[in-house]
$ cat final17.json   # JSON, N, CA and C atoms
[["chain", "number", "residue", "atom", "x", "y", "z"],
["A", 1, "MET", "N", 12.31, -11.17, 11.61],
["A", 1, "MET", "CA", 12.33, -10.31, 10.45],
["A", 1, "MET", "C", 13.20, -10.98, 9.39],
["A", 2, "ASP", "N", 12.63, -11.29, 8.26],
["A", 2, "ASP", "CA", 13.41, -11.92, 7.20],
["A", 2, "ASP", "C", 14.15, -10.86, 6.39],
["A", 3, "LYS", "N", 14.90, -11.33, 5.42],
["A", 3, "LYS", "CA", 15.77, -10.42, 4.66],
["A", 3, "LYS", "C", 15.00, -9.36, 3.90],
["A", 4, "GLU", "N", 13.91, -9.73, 3.27],
["A", 4, "GLU", "CA", 13.14, -8.76, 2.47],
["A", 4, "GLU", "C", 12.55, -7.68, 3.37],
["A", 5, "ASP", "N", 12.01, -8.06, 4.53],
["A", 5, "ASP", "CA", 11.46, -7.06, 5.45],
["A", 5, "ASP", "C", 12.55, -6.12, 5.95],
["A", 6, "TRP", "N", 13.71, -6.70, 6.22],
["A", 6, "TRP", "CA", 14.81, -5.89, 6.71],
["A", 6, "TRP", "C", 15.23, -4.87, 5.65],
["A", 7, "LYS", "N", 15.32, -5.29, 4.38],
["A", 7, "LYS", "CA", 15.69, -4.38, 3.29],
["A", 7, "LYS", "C", 14.65, -3.28, 3.15],
["A", 8, "ASP", "N", 13.37, -3.64, 3.19],
["A", 8, "ASP", "CA", 12.31, -2.63, 3.08],
["A", 8, "ASP", "C", 12.37, -1.66, 4.25],
["A", 9, "HIS", "N", 12.64, -2.17, 5.44],
["A", 9, "HIS", "CA", 12.71, -1.31, 6.62],
["A", 9, "HIS", "C", 13.88, -0.31, 6.48],
["A", 10, "VAL", "N", 15.02, -0.79, 6.00],
["A", 10, "VAL", "CA", 16.18, 0.08, 5.84],
["A", 10, "VAL", "C", 15.92, 1.13, 4.76],
["A", 11, "LEU", "N", 15.35, 0.70, 3.64],
["A", 11, "LEU", "CA", 15.10, 1.63, 2.54],
["A", 11, "LEU", "C", 14.03, 2.66, 2.90],
["A", 12, "ASN", "N", 13.09, 2.29, 3.70],
["A", 12, "ASN", "CA", 12.01, 3.20, 4.07],
["A", 12, "ASN", "C", 12.33, 4.01, 5.32],
["A", 13, "SER", "N", 13.47, 3.80, 5.93],
["A", 13, "SER", "CA", 13.79, 4.50, 7.17],
["A", 13, "SER", "C", 14.02, 5.99, 6.96],
["A", 14, "LEU", "N", 14.31, 6.41, 5.73],
["A", 14, "LEU", "CA", 14.57, 7.82, 5.47],
["A", 14, "LEU", "C", 13.32, 8.59, 5.06],
["A", 15, "GLU", "N", 12.19, 7.95, 5.05],
["A", 15, "GLU", "CA", 10.95, 8.67, 4.70],
["A", 15, "GLU", "C", 10.60, 9.65, 5.80],
["A", 16, "GLY", "N", 10.19, 10.83, 5.40],
["A", 16, "GLY", "CA", 9.80, 11.86, 6.35],
["A", 16, "GLY", "C", 10.95, 12.67, 6.90],
["A", 17, "ILE", "N", 12.16, 12.40, 6.45],
["A", 17, "ILE", "CA", 13.30, 13.16, 6.95],
["A", 17, "ILE", "C", 13.30, 14.54, 6.31],
["A", 18, "GLN", "N", 13.75, 15.56, 7.04],
["A", 18, "GLN", "CA", 13.77, 16.92, 6.52],
["A", 18, "GLN", "C", 15.09, 17.17, 5.78],
["A", 19, "LYS", "N", 14.97, 17.91, 4.69],
["A", 19, "LYS", "CA", 16.14, 18.27, 3.91],
["A", 19, "LYS", "C", 16.92, 19.37, 4.64],
["A", 20, "ALA", "N", 18.25, 19.27, 4.63],
["A", 20, "ALA", "CA", 19.09, 20.28, 5.27],
["A", 20, "ALA", "C", 19.02, 21.58, 4.48],
["A", 21, "ILE", "N", 18.80, 22.68, 5.18],
["A", 21, "ILE", "CA", 18.69, 23.99, 4.54],
["A", 21, "ILE", "C", 19.77, 24.89, 5.14],
["A", 22, "PRO", "N", 20.68, 25.44, 4.30],
["A", 22, "PRO", "CA", 21.73, 26.31, 4.83],
["A", 22, "PRO", "C", 21.14, 27.65, 5.26],
["A", 23, "ARG", "N", 21.84, 28.31, 6.15],
["A", 23, "ARG", "CA", 21.36, 29.61, 6.63],
["A", 23, "ARG", "C", 21.45, 30.64, 5.51],
["A", 24, "GLU", "N", 20.73, 31.68, 5.64],
["A", 24, "GLU", "CA", 20.73, 32.75, 4.64],
["A", 24, "GLU", "C", 22.10, 33.44, 4.62],
["A", 25, "GLY", "N", 22.60, 33.71, 3.45],
["A", 25, "GLY", "CA", 23.85, 34.43, 3.30],
["A", 25, "GLY", "C", 25.09, 33.57, 3.40],
["A", 26, "LEU", "N", 24.94, 32.26, 3.55],
["A", 26, "LEU", "CA", 26.12, 31.39, 3.65],
["A", 26, "LEU", "C", 26.92, 31.39, 2.35],
["A", 27, "LEU", "N", 26.24, 31.33, 1.22],
["A", 27, "LEU", "CA", 26.93, 31.33, -0.07],
["A", 27, "LEU", "C", 27.71, 32.63, -0.27],
["A", 28, "VAL", "N", 27.12, 33.74, 0.12],
["A", 28, "VAL", "CA", 27.80, 35.04, -0.01],
["A", 28, "VAL", "C", 29.03, 35.08, 0.88],
["A", 29, "ASP", "N", 28.94, 34.54, 2.11],
["A", 29, "ASP", "CA", 30.09, 34.51, 3.02],
["A", 29, "ASP", "C", 31.23, 33.66, 2.44],
["A", 30, "ILE", "N", 30.89, 32.52, 1.87],
["A", 30, "ILE", "CA", 31.90, 31.63, 1.28],
["A", 30, "ILE", "C", 32.58, 32.32, 0.10],
["A", 31, "GLU", "N", 31.80, 32.95, -0.76],
["A", 31, "GLU", "CA", 32.38, 33.65, -1.91],
["A", 31, "GLU", "C", 33.28, 34.80, -1.48],
["A", 32, "GLN", "N", 32.91, 35.51, -0.42],
["A", 32, "GLN", "CA", 33.75, 36.60, 0.08],
["A", 32, "GLN", "C", 35.07, 36.07, 0.62],
["A", 33, "GLN", "N", 35.01, 34.94, 1.32],
["A", 33, "GLN", "CA", 36.26, 34.36, 1.84],
["A", 33, "GLN", "C", 37.17, 33.89, 0.72],
["A", 34, "ILE", "N", 36.59, 33.35, -0.34],
["A", 34, "ILE", "CA", 37.39, 32.90, -1.47],
["A", 34, "ILE", "C", 38.03, 34.09, -2.17],
["A", 35, "ASN", "N", 37.27, 35.13, -2.38],
["A", 35, "ASN", "CA", 37.80, 36.32, -3.07],
["A", 35, "ASN", "C", 38.81, 37.08, -2.21],
["A", 36, "ALA", "N", 38.70, 36.99, -0.89],
["A", 36, "ALA", "CA", 39.60, 37.70, 0.00],
["A", 36, "ALA", "C", 40.91, 36.94, 0.23],
["A", 37, "ALA", "N", 40.98, 35.69, -0.19],
["A", 37, "ALA", "CA", 42.18, 34.89, 0.05],
["A", 37, "ALA", "C", 43.36, 35.47, -0.73],
["A", 38, "LYS", "N", 44.45, 35.65, -0.06],
["A", 38, "LYS", "CA", 45.66, 36.19, -0.67],
["A", 38, "LYS", "C", 46.64, 35.04, -0.92],
["A", 39, "THR", "N", 47.30, 35.10, -2.05],
["A", 39, "THR", "CA", 48.33, 34.10, -2.34],
["A", 39, "THR", "C", 49.68, 34.63, -1.87],
["A", 40, "ALA", "N", 50.49, 33.74, -1.39],
["A", 40, "ALA", "CA", 51.82, 34.13, -0.93],
["A", 40, "ALA", "C", 52.72, 34.37, -2.13],
["A", 41, "ILE", "N", 53.37, 35.50, -2.13],
["A", 41, "ILE", "CA", 54.29, 35.86, -3.22],
["A", 41, "ILE", "C", 55.71, 35.68, -2.70],
["A", 42, "ILE", "N", 56.46, 34.87, -3.40],
["A", 42, "ILE", "CA", 57.84, 34.61, -3.00],
["A", 42, "ILE", "C", 58.72, 35.68, -3.64],
["A", 43, "PRO", "N", 59.48, 36.40, -2.83],
["A", 43, "PRO", "CA", 60.33, 37.46, -3.37],
["A", 43, "PRO", "C", 61.37, 36.90, -4.34],
["A", 44, "MET", "N", 61.79, 37.74, -5.27],
["A", 44, "MET", "CA", 62.72, 37.33, -6.31],
["A", 44, "MET", "C", 64.07, 36.92, -5.74],
["A", 45, "HIS", "N", 64.52, 37.57, -4.66],
["A", 45, "HIS", "CA", 65.83, 37.20, -4.10],
["A", 45, "HIS", "C", 65.82, 35.78, -3.55],
["A", 46, "GLN", "N", 64.70, 35.29, -3.07],
["A", 46, "GLN", "CA", 64.62, 33.90, -2.61],
["A", 46, "GLN", "C", 64.72, 32.94, -3.80],
["A", 47, "TRP", "N", 64.09, 33.31, -4.91],
["A", 47, "TRP", "CA", 64.21, 32.48, -6.11],
["A", 47, "TRP", "C", 65.67, 32.42, -6.58],
["A", 48, "ARG", "N", 66.34, 33.56, -6.53],
["A", 48, "ARG", "CA", 67.74, 33.60, -6.95],
["A", 48, "ARG", "C", 68.62, 32.74, -6.04],
["A", 49, "LEU", "N", 68.37, 32.81, -4.73],
["A", 49, "LEU", "CA", 69.14, 31.99, -3.80],
["A", 49, "LEU", "C", 68.89, 30.50, -4.05],
["A", 50, "ALA", "N", 67.66, 30.13, -4.30],
["A", 50, "ALA", "CA", 67.34, 28.73, -4.57],
["A", 50, "ALA", "C", 68.00, 28.27, -5.87],
["A", 51, "ALA", "N", 67.97, 29.10, -6.88],
["A", 51, "ALA", "CA", 68.60, 28.75, -8.16],
["A", 51, "ALA", "C", 70.11, 28.64, -8.01],
["A", 52, "ALA", "N", 70.71, 29.52, -7.23],
["A", 52, "ALA", "CA", 72.16, 29.47, -7.01],
["A", 52, "ALA", "C", 72.53, 28.20, -6.24],
["A", 53, "ALA", "N", 71.77, 27.85, -5.24],
["A", 53, "ALA", "CA", 72.05, 26.63, -4.47],
["A", 53, "ALA", "C", 71.92, 25.40, -5.36],
["A", 54, "ALA", "N", 70.91, 25.37, -6.20],
["A", 54, "ALA", "CA", 70.74, 24.23, -7.11],
["A", 54, "ALA", "C", 71.91, 24.16, -8.09],
["A", 55, "LEU", "N", 72.35, 25.29, -8.60],
["A", 55, "LEU", "CA", 73.48, 25.32, -9.53],
["A", 55, "LEU", "C", 74.76, 24.84, -8.86],
["A", 56, "ILE", "N", 74.97, 25.25, -7.63],
["A", 56, "ILE", "CA", 76.16, 24.80, -6.89],
["A", 56, "ILE", "C", 76.12, 23.29, -6.68],
["A", 57, "LEU", "N", 74.96, 22.76, -6.32],
["A", 57, "LEU", "CA", 74.83, 21.31, -6.13],
["A", 57, "LEU", "C", 75.09, 20.54, -7.42],
["A", 58, "VAL", "N", 74.54, 21.02, -8.52],
["A", 58, "VAL", "CA", 74.75, 20.35, -9.80],
["A", 58, "VAL", "C", 76.22, 20.41, -10.19],
["A", 59, "ALA", "N", 76.86, 21.55, -10.00],
["A", 59, "ALA", "CA", 78.28, 21.70, -10.34],
["A", 59, "ALA", "C", 79.13, 20.78, -9.46],
["A", 60, "ALA", "N", 78.84, 20.71, -8.18],
["A", 60, "ALA", "CA", 79.61, 19.85, -7.27],
["A", 60, "ALA", "C", 79.43, 18.38, -7.65],
["A", 61, "ASN", "N", 78.23, 17.99, -8.01],
["A", 61, "ASN", "CA", 78.00, 16.61, -8.44],
["A", 61, "ASN", "C", 78.76, 16.31, -9.74],
["A", 62, "PHE", "N", 78.73, 17.22, -10.67],
["A", 62, "PHE", "CA", 79.44, 17.03, -11.93],
["A", 62, "PHE", "C", 80.94, 16.91, -11.69],
["A", 63, "TRP", "N", 81.49, 17.79, -10.86],
["A", 63, "TRP", "CA", 82.91, 17.76, -10.55],
["A", 63, "TRP", "C", 83.28, 16.44, -9.87],
["A", 64, "THR", "N", 82.46, 15.99, -8.94],
["A", 64, "THR", "CA", 82.73, 14.73, -8.22],
["A", 64, "THR", "C", 82.72, 13.55, -9.17],
["A", 65, "VAL", "N", 81.75, 13.49, -10.05],
["A", 65, "VAL", "CA", 81.68, 12.39, -11.01],
["A", 65, "VAL", "C", 82.88, 12.42, -11.94],
["A", 66, "GLN", "N", 83.28, 13.60, -12.41],
["A", 66, "GLN", "CA", 84.44, 13.72, -13.28],
["A", 66, "GLN", "C", 85.70, 13.18, -12.60],
["A", 67, "HIS", "N", 85.90, 13.55, -11.35],
["A", 67, "HIS", "CA", 87.09, 13.11, -10.63],
["A", 67, "HIS", "C", 87.03, 11.62, -10.28],
["A", 68, "LEU", "N", 85.87, 11.12, -9.98],
["A", 68, "LEU", "CA", 85.75, 9.69, -9.71],
["A", 68, "LEU", "C", 86.05, 8.87, -10.95],
["A", 69, "VAL", "N", 85.55, 9.31, -12.09],
["A", 69, "VAL", "CA", 85.81, 8.60, -13.34],
["A", 69, "VAL", "C", 87.28, 8.69, -13.70],
["A", 70, "ALA", "N", 87.88, 9.85, -13.55],
["A", 70, "ALA", "CA", 89.29, 10.03, -13.90],
["A", 70, "ALA", "C", 90.20, 9.22, -12.98],
["A", 71, "ASN", "N", 89.87, 9.13, -11.72],
["A", 71, "ASN", "CA", 90.71, 8.41, -10.76],
["A", 71, "ASN", "C", 90.44, 6.91, -10.74],
["A", 72, "SER", "N", 89.36, 6.47, -11.32],
["A", 72, "SER", "CA", 89.05, 5.04, -11.29],
["A", 72, "SER", "C", 89.65, 4.30, -12.47],
["A", 73, "ARG", "N", 90.18, 5.00, -13.47],
["A", 73, "ARG", "CA", 90.83, 4.36, -14.61],
["A", 73, "ARG", "C", 92.21, 3.88, -14.18],
["A", 74, "PRO", "N", 92.46, 2.60, -14.28],
["A", 74, "PRO", "CA", 93.79, 2.11, -13.87],
["A", 74, "PRO", "C", 94.83, 2.44, -14.95],
["A", 75, "ASP", "N", 96.01, 2.72, -14.50],
["A", 75, "ASP", "CA", 97.12, 2.95, -15.44],
["A", 75, "ASP", "C", 97.53, 1.62, -16.05],
["A", 76, "SER", "N", 98.28, 1.71, -17.14],
["A", 76, "SER", "CA", 98.74, 0.48, -17.79],
["A", 76, "SER", "C", 99.68, -0.30, -16.88],
["A", 77, "LYS", "N", 100.48, 0.40, -16.05],
["A", 77, "LYS", "CA", 101.37, -0.29, -15.11],
["A", 77, "LYS", "C", 100.57, -1.07, -14.08],
["A", 78, "GLU", "N", 99.50, -0.47, -13.60],
["A", 78, "GLU", "CA", 98.67, -1.15, -12.60],
["A", 78, "GLU", "C", 98.04, -2.40, -13.18],
["A", 79, "ILE", "N", 97.66, -2.34, -14.45],
["A", 79, "ILE", "CA", 97.04, -3.51, -15.09],
["A", 79, "ILE", "C", 98.07, -4.64, -15.20],
["A", 80, "VAL", "N", 99.29, -4.31, -15.60],
["A", 80, "VAL", "CA", 100.33, -5.32, -15.74],
["A", 80, "VAL", "C", 100.65, -5.92, -14.39],
["A", 81, "ILE", "N", 100.80, -5.09, -13.38],
["A", 81, "ILE", "CA", 101.12, -5.58, -12.04],
["A", 81, "ILE", "C", 100.01, -6.46, -11.51],
["A", 82, "SER", "N", 98.77, -6.07, -11.74],
["A", 82, "SER", "CA", 97.67, -6.87, -11.22],
["A", 82, "SER", "C", 97.58, -8.22, -11.92],
["A", 83, "LYS", "N", 97.94, -8.29, -13.22],
["A", 83, "LYS", "CA", 97.89, -9.57, -13.94],
["A", 83, "LYS", "C", 99.07, -10.45, -13.55],
["A", 84, "VAL", "N", 100.24, -9.85, -13.33],
["A", 84, "VAL", "CA", 101.40, -10.62, -12.94],
["A", 84, "VAL", "C", 101.22, -11.15, -11.52],
["A", 85, "GLY", "N", 100.71, -10.32, -10.66],
["A", 85, "GLY", "CA", 100.57, -10.71, -9.26],
["A", 85, "GLY", "C", 99.29, -11.48, -8.98],
["A", 86, "GLU", "N", 98.61, -11.88, -10.02],
["A", 86, "GLU", "CA", 97.34, -12.58, -9.84],
["A", 86, "GLU", "C", 97.61, -13.99, -9.33],
["A", 87, "SER", "N", 97.01, -14.34, -8.26],
["A", 87, "SER", "CA", 97.13, -15.71, -7.75],
["A", 87, "SER", "C", 95.78, -16.09, -7.15],
["A", 88, "THR", "N", 95.54, -17.35, -7.12],
["A", 88, "THR", "CA", 94.26, -17.81, -6.60],
["A", 88, "THR", "C", 94.37, -18.04, -5.11],
["A", 89, "LEU", "N", 93.38, -17.62, -4.41],
["A", 89, "LEU", "CA", 93.35, -17.84, -2.97],
["A", 89, "LEU", "C", 92.85, -19.25, -2.66],
["A", 90, "ILE", "N", 91.96, -19.74, -3.49],
["A", 90, "ILE", "CA", 91.39, -21.06, -3.27],
["A", 90, "ILE", "C", 91.80, -21.92, -4.46],
["A", 91, "SER", "N", 92.47, -23.02, -4.19],
["A", 91, "SER", "CA", 92.87, -23.89, -5.29],
["A", 91, "SER", "C", 91.86, -25.00, -5.52],
["A", 92, "ASN", "N", 91.05, -25.29, -4.52],
["A", 92, "ASN", "CA", 90.07, -26.36, -4.64],
["A", 92, "ASN", "C", 88.69, -25.78, -4.34],
["A", 93, "TYR", "N", 87.80, -25.76, -5.31],
["A", 93, "TYR", "CA", 86.51, -25.16, -5.12],
["A", 93, "TYR", "C", 85.45, -26.15, -4.63],
["A", 94, "LYS", "N", 85.85, -27.33, -4.27],
["A", 94, "LYS", "CA", 84.92, -28.30, -3.72],
["A", 94, "LYS", "C", 84.66, -27.96, -2.26],
["A", 95, "LEU", "N", 83.44, -27.56, -1.98],
["A", 95, "LEU", "CA", 83.13, -27.17, -0.61],
["A", 95, "LEU", "C", 82.85, -28.38, 0.28],
["A", 96, "TYR", "N", 82.23, -29.42, -0.28],
["A", 96, "TYR", "CA", 81.86, -30.58, 0.51],
["A", 96, "TYR", "C", 82.49, -31.82, -0.12],
["A", 97, "ASP", "N", 83.21, -32.56, 0.67],
["A", 97, "ASP", "CA", 83.80, -33.81, 0.17],
["A", 97, "ASP", "C", 83.14, -34.99, 0.83]]

$ encode --input "final17.json" --output "structure tokens"
Amino acid sequence: MDKEDWKDHVLNSLEGIQKAIPREGLLVDIEQQINAAKTAIIPMHQWRLAAAAALILVAANFWTVQHLVANSRPDSKEIVISKVGESTLISNYKLYD
């Protein structure tokens, strides 16, 4: 069987096939199930709890960042001490001689 015969055989293999027919009333059953579907309603107190938790998290993050920034600023004394006490650990940067 060459390529053209194989293509014709594949394309003609669906001849005489019967079309699928749904049972009677299937569309009505599907529409009834869609219309009967209930959506979940989240009570207002759950929304309030979620909003309060989010607010607490945002406030805690803000407070933490404020304190980290405030504590990370070196005092002028620390700057002077660090510059005076500055010494090199390695005097020769040649790794291979």

$ atom_distance --input "final17.json" --atom1 "CA of Ile34 (chain A)" --atom2 "CA of Ile21 (chain A)"
21.6 Å

$ atom_distance --input "final17.json" --atom1 "CA of Leu49 (chain A)" --atom2 "CA of Gln66 (chain A)"
25.6 Å

$ atom_distance --input "final17.json" --atom1 "CA of Ser72 (chain A)" --atom2 "atom C of Leu55 (chain A)"
24.5 Å
